file input-v8.cif (mmCIF, C-alpha atoms)
data_protein
loop_
_atom_site.label_atom_id
_atom_site.label_comp_id
_atom_site.auth_asym_id
_atom_site.auth_seq_id
_atom_site.Cartn_x
_atom_site.Cartn_y
_atom_site.Cartn_z
CA MET N 841 -18.67 -9.38 -2.13
CA ARG N 842 -17.42 -9.53 -5.69
CA PRO N 843 -15.97 -6.26 -6.99
CA SER N 844 -18.28 -4.60 -9.47
CA PRO N 845 -16.92 -3.07 -12.68
CA PRO N 846 -17.43 0.47 -11.26
CA LEU N 847 -15.50 -0.52 -8.11
CA ILE N 848 -12.68 -1.96 -10.19
CA ALA N 849 -12.64 1.20 -12.28
CA LEU N 850 -12.54 3.33 -9.12
CA LEU N 851 -9.65 1.31 -7.69
CA ALA N 852 -7.69 1.62 -10.91
CA ALA N 853 -8.61 5.25 -11.63
CA GLY N 854 -5.71 7.60 -11.94
CA VAL N 855 -3.11 4.85 -12.21
CA LEU N 856 -0.28 6.08 -14.39
CA SER N 857 2.64 4.30 -15.93
CA LEU N 858 5.13 3.01 -13.37
CA ALA N 859 8.06 4.44 -15.30
CA GLY N 860 11.06 5.83 -13.55
CA GLY N 861 12.53 2.80 -11.84
CA ALA N 862 9.31 1.15 -10.66
CA SER N 863 7.88 -2.24 -11.50
CA ALA N 864 4.64 -3.94 -10.53
CA GLU N 865 3.61 -7.53 -10.78
CA VAL N 866 0.72 -9.80 -9.93
CA VAL N 867 2.88 -12.70 -8.76
CA ASP N 868 -0.02 -15.14 -8.33
CA SER N 869 -3.80 -14.88 -8.56
CA GLN N 870 -6.29 -17.61 -7.67
CA ALA N 871 -9.79 -17.86 -6.25
CA ALA N 872 -8.36 -18.38 -2.74
CA GLY N 873 -5.96 -15.43 -2.86
CA PHE N 874 -3.28 -13.45 -4.61
CA GLU N 875 0.17 -11.93 -4.23
CA VAL N 876 1.28 -8.62 -5.70
CA LYS N 877 4.77 -7.17 -5.63
CA GLU N 878 5.91 -3.62 -6.23
CA VAL N 879 9.56 -2.58 -6.56
CA VAL N 880 10.95 0.93 -6.84
CA ASP N 881 14.43 2.44 -6.72
CA ILE N 882 14.54 5.73 -4.85
CA ASP N 883 17.24 8.38 -5.17
CA ALA N 884 17.47 8.88 -1.40
CA PRO N 885 19.10 7.07 1.52
CA ALA N 886 17.09 4.38 3.33
CA ALA N 887 16.76 6.50 6.49
CA LYS N 888 15.04 9.25 4.51
CA VAL N 889 12.73 6.75 2.77
CA TRP N 890 11.84 5.15 6.13
CA GLU N 891 10.97 8.56 7.55
CA ALA N 892 8.89 9.37 4.46
CA MET N 893 6.97 6.09 4.82
CA GLY N 894 5.84 7.24 8.28
CA HIS N 895 4.33 10.38 6.71
CA VAL N 896 1.80 8.31 4.76
CA GLY N 897 -0.77 11.14 4.74
CA ASP N 898 1.63 13.28 2.72
CA TRP N 899 2.16 10.83 -0.15
CA TRP N 900 -0.83 8.42 -0.25
CA LYS N 901 -3.40 9.43 -2.87
CA SER N 902 -6.58 10.83 -1.29
CA GLU N 903 -8.93 9.02 -3.68
CA HIS N 904 -7.72 5.75 -2.16
CA SER N 905 -8.95 6.58 1.33
CA PHE N 906 -12.34 6.24 2.98
CA SER N 907 -12.42 9.90 4.06
CA GLY N 908 -11.34 11.28 0.68
CA ASP N 909 -8.39 13.07 2.35
CA ALA N 910 -5.08 11.25 2.71
CA HIS N 911 -4.07 13.67 5.48
CA ASN N 912 -6.45 11.68 7.71
CA LEU N 913 -4.11 8.68 7.36
CA SER N 914 -1.36 7.81 9.83
CA LEU N 915 1.20 5.03 10.12
CA ASP N 916 2.79 4.36 13.51
CA LEU N 917 6.00 2.46 12.72
CA LYS N 918 6.30 0.38 15.91
CA PRO N 919 5.12 -3.09 17.00
CA GLY N 920 1.32 -2.97 17.28
CA GLY N 921 1.34 0.36 15.42
CA CYS N 922 -1.67 1.32 13.37
CA PHE N 923 -2.07 2.25 9.71
CA CYS N 924 -5.23 4.16 10.56
CA GLU N 925 -7.58 6.79 9.19
CA ARG N 926 -9.66 9.40 10.97
CA LEU N 927 -13.27 9.73 9.81
CA PRO N 928 -15.84 12.46 10.55
CA ARG N 929 -17.76 12.56 13.85
CA GLY N 930 -15.09 10.62 15.75
CA GLY N 931 -15.09 7.64 13.39
CA GLY N 932 -12.07 5.79 12.14
CA VAL N 933 -10.59 2.86 10.27
CA THR N 934 -7.80 0.47 11.18
CA HIS N 935 -6.48 -0.44 7.76
CA MET N 936 -3.57 -2.57 8.98
CA THR N 937 -1.55 -3.30 12.12
CA VAL N 938 2.25 -3.47 12.36
CA ILE N 939 3.20 -7.05 13.32
CA TYR N 940 6.96 -7.02 12.60
CA ILE N 941 9.47 -4.23 12.39
CA ARG N 942 13.20 -3.74 11.92
CA PRO N 943 13.50 0.07 11.84
CA GLY N 944 14.97 1.35 8.60
CA GLU N 945 14.83 -2.11 6.99
CA THR N 946 11.50 -3.97 7.18
CA VAL N 947 7.93 -3.45 8.31
CA ARG N 948 5.18 -6.07 8.02
CA LEU N 949 1.52 -5.23 8.49
CA ALA N 950 -1.58 -7.41 8.78
CA GLY N 951 -4.99 -6.41 7.50
CA ALA N 952 -7.25 -5.93 4.51
CA LEU N 953 -7.08 -2.66 2.59
CA GLY N 954 -10.04 -0.68 1.32
CA PRO N 955 -13.07 -2.60 0.11
CA LEU N 956 -11.38 -5.90 0.99
CA GLN N 957 -12.31 -5.07 4.61
CA GLY N 958 -15.92 -5.89 3.80
CA THR N 959 -15.01 -9.46 2.83
CA GLY N 960 -13.54 -12.52 4.52
CA ALA N 961 -10.11 -11.64 3.11
CA GLN N 962 -7.03 -10.95 5.20
CA GLY N 963 -3.57 -9.91 4.09
CA HIS N 964 0.03 -9.41 5.04
CA MET N 965 2.05 -6.57 3.54
CA THR N 966 5.84 -6.40 3.80
CA TRP N 967 7.91 -3.32 2.99
CA ALA N 968 11.66 -4.03 2.66
CA LEU N 969 14.33 -1.35 2.20
CA ARG N 970 17.90 -1.96 1.06
CA GLU N 971 20.34 0.92 0.65
CA VAL N 972 22.90 0.73 -2.15
CA SER N 973 25.33 3.65 -2.65
CA GLY N 974 22.99 6.22 -1.11
CA HIS N 975 19.95 5.00 -3.08
CA THR N 976 17.17 2.79 -1.73
CA HIS N 977 15.73 -0.32 -3.28
CA LEU N 978 12.19 -0.60 -1.85
CA SER N 979 9.94 -3.59 -2.34
CA LEU N 980 6.38 -4.12 -1.20
CA THR N 981 4.71 -7.53 -1.20
CA TYR N 982 1.02 -7.96 -0.35
CA ASP N 983 -0.36 -11.47 0.11
CA VAL N 984 -4.16 -11.72 0.44
CA GLY N 985 -6.26 -14.81 1.10
CA GLY N 986 -9.63 -15.82 2.46
CA TYR N 987 -13.24 -16.08 1.45
CA VAL N 988 -14.66 -13.65 -1.09
CA ARG N 989 -17.77 -14.56 -3.06
CA GLY N 990 -16.67 -15.32 -6.61
CA GLY N 991 -13.01 -15.58 -5.55
CA LEU N 992 -10.15 -13.16 -5.10
CA GLN N 993 -8.62 -13.49 -8.57
CA SER N 994 -10.52 -10.46 -9.91
CA TRP N 995 -9.10 -8.28 -7.11
CA SER N 996 -5.40 -8.82 -7.82
CA LYS N 997 -4.94 -6.41 -10.75
CA PRO N 998 -6.87 -3.46 -9.21
CA VAL N 999 -5.01 -3.89 -5.90
CA ASP N 1000 -1.69 -4.11 -7.78
CA ASP N 1001 -2.51 -0.92 -9.68
CA VAL N 1002 -3.41 1.03 -6.53
CA LEU N 1003 -0.33 -0.11 -4.62
CA GLY N 1004 1.91 0.57 -7.63
CA GLU N 1005 0.58 4.10 -7.77
CA GLN N 1006 1.31 4.61 -4.06
CA MET N 1007 4.90 3.37 -4.51
CA VAL N 1008 5.51 5.90 -7.29
CA ARG N 1009 4.06 8.63 -5.08
CA LEU N 1010 6.26 7.56 -2.15
CA ARG N 1011 9.33 7.60 -4.42
CA ARG N 1012 8.54 11.13 -5.58
CA TYR N 1013 7.82 12.29 -2.03
CA ALA N 1014 11.09 10.84 -0.66
CA GLU N 1015 13.10 12.36 -3.52
CA THR N 1016 11.46 15.79 -3.80
CA GLY N 1017 9.07 16.32 -0.87
CA ASN N 1018 6.12 16.31 -3.31
CA PRO N 1019 4.30 13.12 -4.41
CA ASP N 1020 2.79 14.66 -7.57
#
call {"tool": "encode", "arguments": {"input": "input-v8.cif", "output": "structure tokens"}}
result
Amino acid sequence: MRPSPPLIALLAAGVLSLAGGASAEVVDSQAAGFEVKEVVDIDAPAAKVWEAMGHVGDWWKSEHSFSGDAHNLSLDLKPGGCFCERLPRGGGVTHMTVIYIRPGETVRLAGALGPLQGTGAQGHMTWALREVSGHTHLSLTYDVGGYVRGGLQSWSKPVDDVLGEQMVRLRRYAETGNPD
């Protein structure tokens, strides 16, 4: 499935500037896969940021969920834990699964986010926290590869935009309790 222009527009909708200590980068983009990296500095200790990460439904943007309500999202920060979403009538989505964890420092998840689930793509996402003088340096790297008709190169920028937006929202949530 090749992303259509409306799908790309939907993925990128609402993406604002990543000002305020955040940076985003498509590290590599080819037909067989891509890597994106997001980095943000958060004015909060790592323990607070780690706790905030686990409250994904409070900071993830609802328009980037299948249900349309981010409060249906959950992230269980333990080995085998699920980044999941409740859907109506008992349905649900496993977005990603926790495959590596060092509490307060690193979590790695495996899976394909959003519309990538309908393709032959698979990814690994790593969140790394490093505290410096009461502030947290948080990086997110998402490597995606596999078969997608037409190649994965056209997916890298929209995915980067969506993840960059979530990082800014997480920063705001960890600092103020409000992602907006």
call {"tool": "residues_around", "arguments": {"input": "input-v8.cif", "residues": "Asp983 (chain N)", "least_positions_apart": "6", "cutoff": "12 Å", "atoms": "all atoms listed in the file", "output": "count of residues only"}}
result
30
call {"tool": "atom_distance", "arguments": {"input": "input-v8.cif", "atom1": "CA of Ile941 (chain N)", "atom2": "CA of Leu917 (chain N)"}}
result
7.5 Å
call {"tool": "resolve_selection", "arguments": {"input": "input-v8.cif", "expression": "the PyMOL selection byres ((chain N and resi 944) around 7)", "output": "ChimeraX atom specification"}}
result
/N:886-887,890,942-943,945-946,969
call {"tool": "atom_distance", "arguments": {"input": "input-v8.cif", "atom1": "CA of Asp881 (chain N)", "atom2": "CA of Ala864 (chain N)"}}
result
12.3 Å
call {"tool": "closest_residue", "arguments": {"input": "input-v8.cif", "among": "N:Glu1015, N:Val947, N:Gln1006, N:Gly931", "to": "Ala910 (chain N)", "atoms": "only C-alpha atoms"}}
result
N:Gln1006
call {"tool": "atom_distance", "arguments": {"input": "input-v8.cif", "atom1": "CA of Asp1001 (chain N)", "atom2": "CA of Glu891 (chain N)"}}
result
23.8 Å
call {"tool": "resolve_selection", "arguments": {"input": "input-v8.cif", "expression": "the PyMOL selection byres ((chain N and resi 894) around 10)", "output": "PDB file with C-alpha atoms, in the coordinates of the input"}}
result
ATOM      1  CA  VAL N 889      12.730   6.750   2.770  1.00  0.00           C
ATOM      2  CA  TRP N 890      11.840   5.150   6.130  1.00  0.00           C
ATOM      3  CA  GLU N 891      10.970   8.560   7.550  1.00  0.00           C
ATOM      4  CA  ALA N 892       8.890   9.370   4.460  1.00  0.00           C
ATOM      5  CA  MET N 893       6.970   6.090   4.820  1.00  0.00           C
ATOM      6  CA  HIS N 895       4.330  10.380   6.710  1.00  0.00           C
ATOM      7  CA  VAL N 896       1.800   8.310   4.760  1.00  0.00           C
ATOM      8  CA  GLY N 897      -0.770  11.140   4.740  1.00  0.00           C
ATOM      9  CA  ASP N 898       1.630  13.280   2.720  1.00  0.00           C
ATOM     10  CA  TRP N 899       2.160  10.830  -0.150  1.00  0.00           C
ATOM     11  CA  SER N 914      -1.360   7.810   9.830  1.00  0.00           C
ATOM     12  CA  LEU N 915       1.200   5.030  10.120  1.00  0.00           C
ATOM     13  CA  ASP N 916       2.790   4.360  13.510  1.00  0.00           C
ATOM     14  CA  LEU N 917       6.000   2.460  12.720  1.00  0.00           C
ATOM     15  CA  PHE N 923      -2.070   2.250   9.710  1.00  0.00           C
TER      16      PHE N 923
END
call {"tool": "resolve_selection", "arguments": {"input": "input-v8.cif", "expression": "the PyMOL selection byres ((chain N and resi 974) around 9)", "output": "list in words"}}
result
Asp883, Ala884, Pro885, Ala886, Glu971, Val972, Ser973, His975 and Thr976 of chain N
call {"tool": "closest_residue", "arguments": {"input": "input-v8.cif", "among": "N:Val938, N:Ala1014, N:Leu980, N:Val988", "to": "Ser863 (chain N)", "atoms": "all atoms listed in the file"}}
result
N:Leu980
call {"tool": "closest_residue", "arguments": {"input": "input-v8.cif", "among": "N:His977, N:Ile882, N:Tyr987, N:Lys901", "to": "Leu1003 (chain N)", "atoms": "only C-alpha atoms"}}
result
N:Lys901
call {"tool": "closest_residue", "arguments": {"input": "input-v8.cif", "among": "N:Gly986, N:Ser902, N:Gly991, N:Asp909", "to": "Asp1020 (chain N)", "atoms": "all atoms listed in the file"}}
result
N:Ser902
call {"tool": "closest_residue", "arguments": {"input": "input-v8.cif", "among": "N:Ser907, N:Gly960, N:Arg989, N:Leu913", "to": "Pro928 (chain N)", "atoms": "only C-alpha atoms"}}
result
N:Ser907
